[in-house]
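K.L.:
Data file target.txt (compact mmCIF, C-alpha atoms) is appended below.
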# COMPACT_ATOMS: atom_id res chain seq x y z
CA MET A 1 -4.47 -23.69 0.33
CA GLU A 2 -2.78 -22.38 3.45
CA ARG A 3 -4.05 -19.28 5.26
CA LEU A 4 -1.57 -17.65 7.62
CA VAL A 5 -4.29 -16.48 9.97
CA ILE A 6 -4.80 -20.08 11.11
CA GLU A 7 -1.78 -19.58 13.39
CA GLN A 8 -3.69 -16.81 15.15
CA LEU A 9 -6.63 -19.18 15.53
CA LYS A 10 -4.33 -21.71 17.20
CA THR A 11 -3.09 -19.01 19.56
CA TRP A 12 -6.71 -18.18 20.43
CA ARG A 13 -7.47 -21.87 21.04
CA ASP A 14 -4.66 -22.08 23.60
CA LYS A 15 -5.51 -18.91 25.55
CA LYS A 16 -6.35 -19.47 29.22
CA GLU A 17 -9.03 -16.77 29.27
CA ARG A 18 -10.54 -17.53 25.90
CA LYS A 19 -13.64 -15.67 24.72
CA PRO A 20 -15.85 -16.60 21.77
CA LEU A 21 -14.14 -15.44 18.59
CA ILE A 22 -15.70 -13.58 15.68
CA LEU A 23 -13.98 -13.91 12.30
CA ARG A 24 -14.85 -10.87 10.21
CA GLY A 25 -14.45 -10.41 6.48
CA ALA A 26 -16.23 -9.78 3.21
CA ARG A 27 -18.22 -12.47 1.47
CA GLN A 28 -16.21 -15.10 -0.36
CA VAL A 29 -12.85 -14.44 1.34
CA GLY A 30 -12.89 -17.96 2.80
CA LYS A 31 -14.18 -17.54 6.36
CA THR A 32 -16.29 -20.69 6.43
CA TRP A 33 -13.58 -22.80 4.79
CA LEU A 34 -10.96 -21.50 7.22
CA LEU A 35 -13.01 -22.25 10.34
CA LYS A 36 -13.88 -25.74 9.09
CA GLU A 37 -10.22 -26.38 8.26
CA PHE A 38 -9.25 -25.12 11.72
CA GLY A 39 -11.77 -27.49 13.28
CA LYS A 40 -10.63 -30.43 11.15
CA THR A 41 -6.92 -29.97 11.92
CA CYS A 42 -7.04 -28.74 15.53
CA PHE A 43 -10.08 -30.43 17.10
CA LYS A 44 -11.50 -33.94 17.23
CA ASN A 45 -15.04 -32.83 16.34
CA VAL A 46 -16.78 -29.85 14.75
CA CYS A 47 -20.33 -28.66 15.37
CA TYR A 48 -21.14 -26.43 12.38
CA VAL A 49 -24.25 -24.26 12.51
CA ASN A 50 -25.33 -22.02 9.61
CA PHE A 51 -27.72 -19.36 10.86
CA GLU A 52 -29.12 -18.65 7.42
CA GLN A 53 -31.45 -21.55 8.35
CA LYS A 54 -33.33 -19.15 10.62
CA ALA A 55 -36.61 -20.97 11.13
CA GLN A 56 -35.05 -24.10 12.60
CA LEU A 57 -32.26 -22.51 14.61
CA SER A 58 -33.90 -19.46 16.12
CA LYS A 59 -35.81 -21.67 18.58
CA ILE A 60 -32.53 -22.87 20.11
CA PHE A 61 -31.85 -19.32 21.29
CA GLU A 62 -35.25 -18.54 22.73
CA GLY A 63 -35.81 -18.14 26.45
CA ASP A 64 -33.18 -17.22 29.03
CA LEU A 65 -30.12 -18.22 26.92
CA SER A 66 -28.93 -20.86 29.38
CA THR A 67 -25.57 -22.07 28.06
CA ASN A 68 -26.22 -25.64 29.22
CA ASP A 69 -29.57 -25.68 27.43
CA ILE A 70 -28.05 -24.24 24.23
CA ILE A 71 -25.24 -26.81 24.26
CA ASP A 72 -27.73 -29.66 24.73
CA LYS A 73 -29.85 -28.47 21.82
CA LEU A 74 -26.80 -27.88 19.58
CA SER A 75 -25.57 -31.39 20.36
CA VAL A 76 -28.88 -32.81 19.15
CA TYR A 77 -28.84 -30.53 16.09
CA CYS A 78 -25.29 -31.59 15.13
CA GLY A 79 -25.90 -35.24 15.98
CA LYS A 80 -22.89 -35.51 18.30
CA ARG A 81 -22.08 -34.72 21.91
CA ILE A 82 -20.27 -31.39 22.27
CA ASN A 83 -17.18 -31.88 24.42
CA PRO A 84 -15.59 -28.58 25.53
CA GLU A 85 -12.09 -30.09 25.27
CA THR A 86 -12.39 -31.60 21.80
CA THR A 87 -15.21 -29.86 19.90
CA LEU A 88 -15.10 -26.63 17.93
CA ILE A 89 -18.49 -24.91 17.64
CA ILE A 90 -18.85 -22.82 14.47
CA PHE A 91 -21.62 -20.23 14.18
CA ASP A 92 -21.78 -19.20 10.51
CA GLU A 93 -23.56 -15.99 9.40
CA VAL A 94 -24.18 -15.34 13.08
CA GLN A 95 -25.65 -11.89 12.44
CA GLU A 96 -28.76 -13.52 10.98
CA ILE A 97 -30.02 -14.44 14.48
CA PRO A 98 -29.29 -11.58 16.92
CA ARG A 99 -30.11 -13.77 19.94
CA ALA A 100 -27.22 -16.05 18.95
CA LEU A 101 -24.91 -13.03 19.07
CA THR A 102 -26.27 -12.10 22.49
CA SER A 103 -25.64 -15.65 23.76
CA LEU A 104 -21.89 -15.15 23.27
CA LYS A 105 -21.91 -12.89 26.36
CA TYR A 106 -23.17 -15.77 28.50
CA PHE A 107 -20.68 -18.23 27.04
CA ALA A 108 -17.86 -15.79 27.84
CA GLU A 109 -19.08 -15.33 31.43
CA GLU A 110 -20.48 -18.75 32.33
CA ALA A 111 -18.98 -21.33 29.97
CA PRO A 112 -15.59 -20.14 28.64
CA GLN A 113 -14.47 -23.76 28.31
CA TYR A 114 -16.39 -24.07 25.04
CA ALA A 115 -14.49 -23.13 21.88
CA ILE A 116 -16.87 -21.03 19.77
CA CYS A 117 -15.88 -19.37 16.50
CA CYS A 118 -18.31 -17.19 14.58
CA ALA A 119 -18.25 -15.89 11.02
CA GLY A 120 -20.24 -12.95 9.75
CA SER A 121 -19.92 -11.45 6.28
CA LEU A 122 -22.30 -8.57 6.97
CA LEU A 123 -21.85 -8.38 10.72
CA GLY A 124 -20.74 -4.74 10.61
CA VAL A 125 -23.81 -3.84 8.59
CA ALA A 126 -26.07 -5.68 11.04
CA LEU A 127 -24.58 -3.84 14.02
CA HIS A 128 -25.21 -0.46 12.43
CA GLU A 129 -28.82 -1.53 11.92
CA GLY A 130 -29.22 -1.92 15.69
CA THR A 131 -28.34 -5.56 16.37
CA SER A 132 -27.37 -6.05 20.02
CA PHE A 133 -23.71 -6.93 20.55
CA PRO A 134 -21.83 -8.45 23.53
CA VAL A 135 -19.28 -5.66 23.91
CA GLY A 136 -16.07 -6.82 25.60
CA LYS A 137 -17.17 -10.46 25.62
CA VAL A 138 -15.69 -11.60 22.30
CA ASP A 139 -12.36 -11.68 20.51
CA PHE A 140 -12.05 -10.50 16.91
CA LEU A 141 -10.01 -11.66 13.95
CA ASP A 142 -10.16 -10.22 10.43
CA LEU A 143 -9.78 -12.25 7.23
CA TYR A 144 -8.86 -10.67 3.91
CA PRO A 145 -8.22 -12.12 0.45
CA LEU A 146 -5.02 -14.16 0.10
CA SER A 147 -1.92 -12.00 0.42
CA PHE A 148 0.91 -12.25 -2.09
CA GLN A 149 2.78 -14.51 0.34
CA GLU A 150 -0.21 -16.84 0.52
CA PHE A 151 -0.54 -16.69 -3.27
CA LEU A 152 3.11 -17.79 -3.61
CA MET A 153 2.52 -20.64 -1.18
CA ALA A 154 -0.65 -21.73 -2.99
CA SER A 155 1.41 -21.76 -6.20
CA GLY A 156 3.89 -24.24 -4.71
CA GLU A 157 6.61 -21.74 -3.80
CA GLU A 158 6.81 -22.49 -0.07
CA MET A 159 10.59 -22.96 -0.19
CA LEU A 160 11.09 -19.57 -1.85
CA VAL A 161 8.87 -17.94 0.79
CA ASP A 162 10.84 -19.63 3.59
CA TYR A 163 14.12 -18.48 2.02
CA ILE A 164 12.91 -14.87 1.94
CA LEU A 165 11.48 -14.95 5.47
CA LYS A 166 14.84 -16.16 6.79
CA GLY A 167 16.17 -12.73 5.84
CA LYS A 168 17.86 -13.77 2.62
CA ARG A 169 18.16 -10.84 0.23
CA ASP A 170 20.43 -12.43 -2.41
CA LEU A 171 17.49 -12.86 -4.74
CA GLU A 172 19.08 -12.31 -8.16
CA PRO A 173 18.26 -15.88 -9.36
CA PHE A 174 14.61 -15.43 -8.35
CA ILE A 175 13.81 -11.84 -9.36
CA GLU A 176 12.28 -12.75 -12.71
CA LYS A 177 10.11 -15.44 -11.11
CA LEU A 178 8.96 -13.15 -8.30
CA THR A 179 8.19 -10.31 -10.71
CA ASN A 180 6.20 -12.59 -13.00
CA MET A 181 4.26 -14.04 -10.07
CA LEU A 182 3.49 -10.55 -8.82
CA LYS A 183 2.09 -9.78 -12.28
CA GLN A 184 -0.03 -12.91 -11.98
CA TYR A 185 -1.25 -11.75 -8.58
CA PHE A 186 -2.24 -8.35 -9.97
CA ILE A 187 -4.43 -10.21 -12.49
CA VAL A 188 -5.75 -13.02 -10.28
CA GLY A 189 -5.85 -11.25 -6.93
CA GLY A 190 -6.44 -13.10 -3.68
CA MET A 191 -10.10 -14.14 -3.70
CA PRO A 192 -9.96 -17.89 -2.94
CA ALA A 193 -12.24 -18.89 -5.83
CA ALA A 194 -10.10 -16.95 -8.30
CA VAL A 195 -6.85 -18.37 -6.89
CA ASN A 196 -8.18 -21.93 -6.97
CA THR A 197 -9.27 -21.49 -10.59
CA TRP A 198 -5.87 -20.08 -11.53
CA ILE A 199 -3.97 -22.91 -9.83
CA ALA A 200 -6.19 -25.51 -11.52
CA THR A 201 -6.31 -24.02 -15.04
CA HIS A 202 -3.72 -21.25 -15.49
CA ASP A 203 -6.40 -19.65 -17.63
CA TYR A 204 -6.71 -15.90 -17.07
CA PHE A 205 -10.07 -15.75 -18.79
CA ALA A 206 -11.49 -18.47 -16.55
CA VAL A 207 -10.27 -16.34 -13.61
CA ASP A 208 -11.91 -13.32 -15.21
CA ASP A 209 -15.24 -15.16 -15.28
CA ILE A 210 -14.93 -16.01 -11.58
CA GLN A 211 -14.14 -12.40 -10.71
CA ARG A 212 -17.09 -11.07 -12.69
CA ASN A 213 -19.36 -13.49 -10.84
CA LEU A 214 -17.96 -12.29 -7.52
CA ILE A 215 -18.54 -8.66 -8.48
CA SER A 216 -22.10 -9.52 -9.52
CA ALA A 217 -22.65 -11.26 -6.18
CA TYR A 218 -21.48 -8.17 -4.30
CA GLN A 219 -23.73 -5.97 -6.41
CA ASN A 220 -26.67 -8.29 -5.70
CA ASP A 221 -25.92 -7.91 -1.99
CA PHE A 222 -26.57 -4.18 -2.34
CA SER A 223 -30.18 -4.86 -3.28
CA LYS A 224 -30.64 -7.79 -0.93
CA HIS A 225 -29.16 -6.44 2.29
CA ALA A 226 -28.88 -2.63 2.10
CA PRO A 227 -31.78 -0.30 2.97
CA LYS A 228 -33.72 0.61 -0.16
CA SER A 229 -32.83 4.27 0.32
CA LEU A 230 -29.12 3.41 0.04
CA VAL A 231 -29.03 0.88 -2.80
CA GLU A 232 -28.69 3.36 -5.66
CA LYS A 233 -26.11 5.43 -3.78
CA ILE A 234 -24.03 2.35 -2.96
CA ARG A 235 -24.00 1.42 -6.64
CA TYR A 236 -22.87 4.91 -7.63
CA VAL A 237 -20.03 4.84 -5.09
CA TRP A 238 -18.96 1.33 -6.12
CA ASP A 239 -18.96 2.17 -9.82
CA SER A 240 -16.93 5.35 -9.22
CA ILE A 241 -13.97 3.62 -7.56
CA PRO A 242 -11.97 2.97 -10.78
CA THR A 243 -12.43 6.63 -11.74
CA GLN A 244 -11.40 7.79 -8.27
CA LEU A 245 -8.21 5.72 -8.38
CA ALA A 246 -7.34 6.77 -11.93
CA LYS A 247 -6.73 10.35 -10.78
CA GLU A 248 -3.23 11.60 -10.00
CA ASN A 249 -4.53 12.74 -6.62
CA LYS A 250 -6.60 9.78 -5.50
CA LYS A 251 -8.47 11.60 -2.74
CA PHE A 252 -12.13 10.55 -2.85
CA VAL A 253 -14.17 13.19 -4.67
CA TYR A 254 -17.94 13.05 -4.24
CA GLY A 255 -18.42 14.89 -7.52
CA LEU A 256 -17.04 11.84 -9.33
CA VAL A 257 -19.74 9.67 -7.79
CA ARG A 258 -22.46 11.81 -9.33
CA GLU A 259 -22.54 15.39 -10.53
CA GLY A 260 -23.44 17.66 -7.65
CA ALA A 261 -23.07 14.91 -5.03
CA ARG A 262 -22.37 15.97 -1.45
CA ALA A 263 -20.71 14.14 1.44
CA ARG A 264 -23.84 14.06 3.60
CA GLU A 265 -25.70 12.22 0.81
CA TYR A 266 -23.15 9.44 0.27
CA GLU A 267 -21.36 8.91 3.59
CA ASP A 268 -23.88 6.23 4.61
CA ALA A 269 -23.25 4.39 1.35
CA LEU A 270 -19.50 4.44 1.98
CA MET A 271 -20.07 3.23 5.52
CA TRP A 272 -22.21 0.33 4.27
CA LEU A 273 -19.48 -0.80 1.85
CA SER A 274 -16.86 -0.47 4.58
CA ASP A 275 -18.96 -2.43 7.09
CA ALA A 276 -19.45 -5.15 4.48
CA GLY A 277 -15.65 -5.37 4.06
CA GLU A 278 -15.84 -4.53 0.37
CA ILE A 279 -13.77 -1.35 0.45
CA LEU A 280 -10.70 -0.15 2.34
CA ARG A 281 -10.23 3.49 3.33
CA THR A 282 -7.06 5.43 4.11
CA TYR A 283 -7.21 8.85 5.75
CA ASN A 284 -5.10 11.95 5.34
CA VAL A 285 -3.35 13.12 8.51
CA THR A 286 -2.80 16.72 9.51
CA LYS A 287 0.37 15.77 11.38
CA PRO A 288 2.42 12.58 10.96
CA ASP A 289 2.78 11.76 14.63
CA VAL A 290 1.60 9.05 17.04
CA PRO A 291 -1.11 8.13 17.46
CA LEU A 292 -1.94 8.60 13.78
CA LYS A 293 -5.64 8.18 14.48
CA ALA A 294 -5.63 11.38 16.53
CA TYR A 295 -4.48 13.40 13.52
CA ALA A 296 -6.69 11.80 10.85
CA ASP A 297 -8.82 14.14 8.76
CA LEU A 298 -12.01 12.11 8.40
CA LYS A 299 -13.17 14.32 5.52
CA ALA A 300 -10.12 13.58 3.35
CA PHE A 301 -9.66 9.94 2.40
CA LYS A 302 -8.98 7.47 -0.40
CA VAL A 303 -11.08 4.42 -1.22
CA TYR A 304 -9.70 1.09 -2.45
CA LEU A 305 -11.40 -2.22 -3.13
CA LEU A 306 -10.74 -5.26 -0.97
CA ASP A 307 -8.79 -7.04 -3.73
CA VAL A 308 -6.46 -6.03 -6.57
CA GLY A 309 -7.83 -8.72 -8.90
CA LEU A 310 -11.39 -7.47 -8.42
CA LEU A 311 -10.24 -3.90 -9.08
CA ARG A 312 -8.56 -5.01 -12.31
CA CYS A 313 -11.75 -6.80 -13.36
CA LEU A 314 -14.01 -3.90 -12.35
CA CYS A 315 -11.80 -1.63 -14.49
CA ASN A 316 -12.28 -4.00 -17.47
CA LEU A 317 -8.50 -4.25 -17.81
CA SER A 318 -7.79 -7.27 -20.00
CA PRO A 319 -5.65 -10.05 -18.53
CA LYS A 320 -3.56 -9.73 -21.70
CA VAL A 321 -1.95 -6.65 -20.18
CA ILE A 322 0.36 -9.07 -18.37
CA LEU A 323 2.17 -9.55 -21.69
CA ASP A 324 3.15 -5.89 -21.81
CA GLY A 325 6.27 -5.86 -19.64
CA SER A 326 5.84 -3.78 -16.51
CA ARG A 327 2.83 -1.92 -17.91
CA ILE A 328 0.46 -3.62 -15.47
CA PHE A 329 2.17 -1.89 -12.56
CA GLU A 330 1.62 1.51 -14.20
CA GLU A 331 -2.02 1.16 -15.26
CA PHE A 332 -4.38 3.88 -14.02
CA LYS A 333 -1.40 5.96 -12.83
CA GLY A 334 -0.22 3.13 -10.61
CA ALA A 335 -3.67 2.53 -9.09
CA LEU A 336 -3.24 -1.25 -9.15
CA THR A 337 0.13 -0.91 -7.42
CA GLU A 338 -1.31 1.29 -4.66
CA GLN A 339 -4.25 -1.11 -4.30
CA TYR A 340 -1.81 -4.01 -3.87
CA VAL A 341 0.26 -2.17 -1.26
CA CYS A 342 -2.85 -1.07 0.62
CA GLN A 343 -4.28 -4.57 0.96
CA GLU A 344 -0.91 -6.08 1.85
CA LEU A 345 -0.52 -3.59 4.69
CA HIS A 346 -4.06 -4.26 5.95
CA THR A 347 -3.24 -7.91 6.66
CA VAL A 348 -1.32 -6.95 9.82
CA PRO A 349 -3.71 -5.42 12.39
CA ARG A 350 -0.92 -4.41 14.79
CA LEU A 351 0.58 -2.23 12.05
CA GLN A 352 -1.33 1.03 11.76
CA SER A 353 -1.37 1.65 8.02
CA GLY A 354 -4.66 3.27 6.96
CA TYR A 355 -3.19 6.75 6.57
CA TYR A 356 -1.40 9.02 4.08
CA TRP A 357 0.10 12.52 4.17
CA THR A 358 -0.02 15.56 1.90
CA SER A 359 1.73 18.90 2.15
CA GLN A 360 0.55 22.34 1.11
CA SER A 361 3.02 22.14 -1.79
CA ARG A 362 1.21 19.01 -3.13
CA ALA A 363 3.83 16.54 -1.95
CA GLU A 364 2.17 13.25 -1.03
CA ILE A 365 3.28 10.15 0.88
CA ASP A 366 1.14 7.20 -0.19
CA PHE A 367 1.11 5.41 3.18
CA LEU A 368 2.11 6.16 6.74
CA LEU A 369 2.88 3.16 8.96
CA SER A 370 3.12 3.11 12.73
CA ASP A 371 3.90 0.55 15.39
CA GLY A 372 2.52 2.90 18.03
CA LEU A 373 5.94 4.39 18.74
CA ASN A 374 7.21 5.69 15.41
CA VAL A 375 5.76 6.86 12.10
CA ILE A 376 7.31 5.42 8.94
CA PRO A 377 6.57 7.05 5.58
CA MET A 378 6.18 4.70 2.60
CA GLU A 379 6.19 5.86 -0.98
CA CYS A 380 5.12 3.31 -3.60
CA LYS A 381 5.99 3.61 -7.27
CA ALA A 382 4.85 1.67 -10.31
CA GLY A 383 7.44 -0.26 -12.28
CA PHE A 384 11.04 0.94 -12.10
CA THR A 385 10.23 4.65 -11.82
CA MET A 386 11.72 6.22 -8.72
CA ASN A 387 10.93 9.93 -8.57
CA ALA A 388 10.92 10.43 -4.81
CA LYS A 389 10.48 14.19 -4.50
CA SER A 390 7.61 13.81 -2.05
CA LEU A 391 9.58 11.45 0.17
CA LYS A 392 12.55 13.83 0.13
CA SER A 393 10.25 16.70 1.14
CA TYR A 394 8.84 14.62 3.99
CA ARG A 395 12.30 13.54 5.21
CA ASP A 396 13.62 17.09 5.10
CA LYS A 397 10.68 18.30 7.20
CA TYR A 398 10.27 15.49 9.73
CA ALA A 399 13.58 13.55 9.70
CA PRO A 400 12.08 10.09 10.32
CA SER A 401 14.46 7.39 11.57
CA LEU A 402 13.29 5.14 8.72
CA SER A 403 11.67 5.81 5.34
CA ILE A 404 10.55 3.21 2.80
CA ARG A 405 10.37 3.28 -1.00
CA THR A 406 8.80 0.36 -2.79
CA SER A 407 8.89 -0.29 -6.55
CA LEU A 408 10.36 -2.95 -8.82
CA LYS A 409 13.91 -1.77 -8.13
CA PRO A 410 16.19 -4.19 -6.23
CA TYR A 411 16.47 -4.33 -2.45
CA ASP A 412 18.81 -1.68 -1.04
CA HIS A 413 19.34 -0.73 2.60
CA SER A 414 22.79 0.81 2.29
CA ASP A 415 21.37 3.97 3.84
CA SER A 416 20.19 2.92 7.32
CA ALA A 417 17.46 5.60 7.27
CA LEU A 418 16.11 4.68 3.81
CA LEU A 419 14.93 1.24 2.72
CA ASN A 420 14.32 0.45 -0.93
CA ILE A 421 12.28 -2.73 -1.09
CA PRO A 422 10.78 -4.43 -4.15
CA LEU A 423 7.01 -4.77 -4.30
CA TYR A 424 7.34 -8.55 -4.29
CA LEU A 425 9.18 -8.45 -0.94
CA LEU A 426 6.61 -6.39 0.93
CA PHE A 427 5.35 -9.45 2.83
CA ALA A 428 8.79 -9.92 4.39
CA LEU A 429 8.89 -6.29 5.52
CA ILE A 430 5.36 -6.49 6.91
CA THR A 431 6.31 -9.63 8.85
CA GLU A 432 9.23 -7.76 10.43
CA LEU A 433 7.23 -4.63 11.28
CA GLY A 434 4.10 -6.50 12.43
Mind turning this structure into structure tokens?

P.N.:
Amino acid sequence: MERLVIEQLKTWRDKKERKPLILRGARQVGKTWLLKEFGKTCFKNVCYVNFEQKAQLSKIFEGDLSTNDIIDKLSVYCGKRINPETTLIIFDEVQEIPRALTSLKYFAEEAPQYAICCAGSLLGVALHEGTSFPVGKVDFLDLYPLSFQEFLMASGEEMLVDYILKGKRDLEPFIEKLTNMLKQYFIVGGMPAAVNTWIATHDYFAVDDIQRNLISAYQNDFSKHAPKSLVEKIRYVWDSIPTQLAKENKKFVYGLVREGARAREYEDALMWLSDAGEILRTYNVTKPDVPLKAYADLKAFKVYLLDVGLLRCLCNLSPKVILDGSRIFEEFKGALTEQYVCQELHTVPRLQSGYYWTSQSRAEIDFLLSDGLNVIPMECKAGFTMNAKSLKSYRDKYAPSLSIRTSLKPYDHSDSALLNIPLYLLFALITELG
């Protein structure tokens, strides 16, 4: 399958002042596969090192961390000479050996000619546990589950994607196909193992089995990697997410985690899940102005999972719901639709999107987007429903130059200040804004 982020890896490869790169992302989103594919297609040789083999590899990073010495030892370990012009060095699960992380500082300063890419599923967790980090000496790239665009491409619809990205909006012949494939995406999601199973079998229940295994693997990680004092709290938070998103007002409520729960008891559990890449958070803003981060209320937020397919599975929503017209878009008061929009927006780091807005009169804008210059309100609706009272309230108060409504209704930009865009075209909008 094709991952769009590989183009960013190629850009990194060609930078004159290249630093070691860290690819971040949750477990099973395809980090290792992507880096190996990048090495296979863009380099002559690959030196792959998995740091879960601690006993053997930790000795390479003992001593004064001389880059020449490390390269010599890695060459022997990989069984091939490492050439800085033609070899990609991959450090997998780099957080397992903190000295390997520290060595990146010396590669950035003394040997920038070597192309080093690192992957770390629980890197954020490791850093909060006190692992030393070479601040300012590495580049970062985030990997998420496959987006809807990537799902279309994996399904053999590259020509349709190209047609849309060329700005074509005469989509009447393709609306039914795009809507049906979006339904499929809501069921399958973007986890590579689930997508591969779907492409190979077109069996929703086989996909369901894969997703349940992934959820079990994440839950096992709680016990394996989290501090013992946090394990139970992490499980409570994780299990509460479907209930949180089923509410009309999806603001995270600690009382839904456990009766009598307080923020100070569960914030560390939320942070652990966020550091592990397994949840996404959006924050309410007190004022929709740039920079949005300056106006974020860190005590008022929503929590989503990393993937719409995993959310569907965690909710025990049967794949058969796809047979019920547009019902899948409306399940849990549109929770799956908001989850989809949230993760689509997160794929573009230059687009600030982790925010929402509420008024004292209970109007709510689902997402606020910003390019650093302007704030764009986005209201997302399930199915064909288009009650946009909240968006009207926002526009009357703040008069934004552009507002966005997304649902299953057709594309319409007849009003230059208001864009109606179908859910299945979000990737084209994100490409333009990002």

K.L.:
In terms of the shortest atom-to-atom distance over all atoms listed in the file, which of A:Gly120, A:Gly309, A:Gly79, A:Pro84 is closest to Ile22 of chain A?

P.N.:
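Once distances to Ile22 of chain A are computed over all atoms listed in the file, the minimum belongs to A:Gly120.
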
K.L.:
Using Å and a single decimal, report how far atom CA of Ile82 of chain A sits from atom CA of Arg99 of chain A.

P.N.:
20.3 Å

K.L.:
Would you mind listing what lies within 12 Å of Lys105 of chain A as a list in words, with all atoms listed in the file counted and same-chain residues fewer than 2 positions away left out?

P.N.:
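The neighbour list is Lys19, Pro20, Leu21, Leu65, Ser66, Thr67, Arg99, Ala100, Leu101, Thr102, Ser103, Phe107, Ala108, Glu109, Glu110, Ala111, Pro112, Ile116, Ser132, Phe133, Pro134, Val135, Gly136, Lys137, Val138 and Asp139 of chain A.
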
K.L.:
With C-alpha atoms kept, could you save the residues just selected as a CSV table (one decimal), keeping the file's coordinate frame?

P.N.:
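Writing the result to selection-v6.csv gives the following:
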chain,number,residue,atom,x,y,z
A,19,LYS,CA,-13.6,-15.7,24.7
A,20,PRO,CA,-15.8,-16.6,21.8
A,21,LEU,CA,-14.1,-15.4,18.6
A,65,LEU,CA,-30.1,-18.2,26.9
A,66,SER,CA,-28.9,-20.9,29.4
A,67,THR,CA,-25.6,-22.1,28.1
A,99,ARG,CA,-30.1,-13.8,19.9
A,100,ALA,CA,-27.2,-16.0,19.0
A,101,LEU,CA,-24.9,-13.0,19.1
A,102,THR,CA,-26.3,-12.1,22.5
A,103,SER,CA,-25.6,-15.6,23.8
A,107,PHE,CA,-20.7,-18.2,27.0
A,108,ALA,CA,-17.9,-15.8,27.8
A,109,GLU,CA,-19.1,-15.3,31.4
A,110,GLU,CA,-20.5,-18.8,32.3
A,111,ALA,CA,-19.0,-21.3,30.0
A,112,PRO,CA,-15.6,-20.1,28.6
A,116,ILE,CA,-16.9,-21.0,19.8
A,132,SER,CA,-27.4,-6.0,20.0
A,133,PHE,CA,-23.7,-6.9,20.6
A,134,PRO,CA,-21.8,-8.4,23.5
A,135,VAL,CA,-19.3,-5.7,23.9
A,136,GLY,CA,-16.1,-6.8,25.6
A,137,LYS,CA,-17.2,-10.5,25.6
A,138,VAL,CA,-15.7,-11.6,22.3
A,139,ASP,CA,-12.4,-11.7,20.5

K.L.:
Kindly give the distance, in Å, that separates atom CA of Glu172 of chain A and atom CA of Lys409 of chain A, rounded to a single decimal.

P.N.:
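Computed distance, atom CA of Glu172 of chain A to atom CA of Lys409 of chain A, equals 11.7 Å.
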
K.L.:
Excluding Glu278 of chain A and any residue of its chain fewer than 6 positions from it, enumerate the residues within 10 Å of it, using all atoms listed in the file, and give them as a count of residues only.

P.N.:
13

K.L.:
Using all atoms listed in the file, can you tell me which of A:Pro145, A:Gly167, A:Gly30, A:Gly260 comes closest to Ala428 of chain A?

P.N.:
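Counting all atoms listed in the file, the residue closest to Ala428 of chain A is A:Gly167.
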
K.L.:
As an exercise, work out the distance from atom CA of Ala276 of chain A to atom CA of Phe205 of chain A in Å and give it to one decimal place.

P.N.:
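Pair atom CA of Ala276 of chain A / atom CA of Phe205 of chain A returns 27.2 Å.
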
K.L.:
Which residues of segment 113-216 of chain A have any atom within 10 Å of an atom in segment 337-344 of chain A when counting all atoms listed in the file, and what is the closest pair of atoms for each, with the distance in Å to one decimal? Order the rows by chain and rising number and write it as a tab-separated table.

P.N.:
residue	atom	partner	partner_atom	distance
A:Tyr144	CA	A:Gln343	CA	8.2
A:Pro145	CA	A:Gln343	CA	8.5
A:Leu146	CA	A:Glu344	CA	9.2
A:Ser147	CA	A:Glu344	CA	6.2
A:Phe148	CA	A:Glu344	CA	7.5
A:Gln149	CA	A:Glu344	CA	9.3
A:Leu182	CA	A:Tyr340	CA	9.8
A:Tyr185	CA	A:Tyr340	CA	9.1
A:Phe186	CA	A:Tyr340	CA	7.5
A:Gly189	CA	A:Tyr340	CA	8.8
A:Gly190	CA	A:Gln343	CA	9.9

K.L.:
Residues within 12 Å of Glu96 of chain A, please, as a ChimeraX atom specification. Count all atoms listed in the file; anything in the same chain fewer than 2 positions from it doesn't count.

P.N.:
/A:49-55,57-58,91-94,98-102,118-127,131-132,225
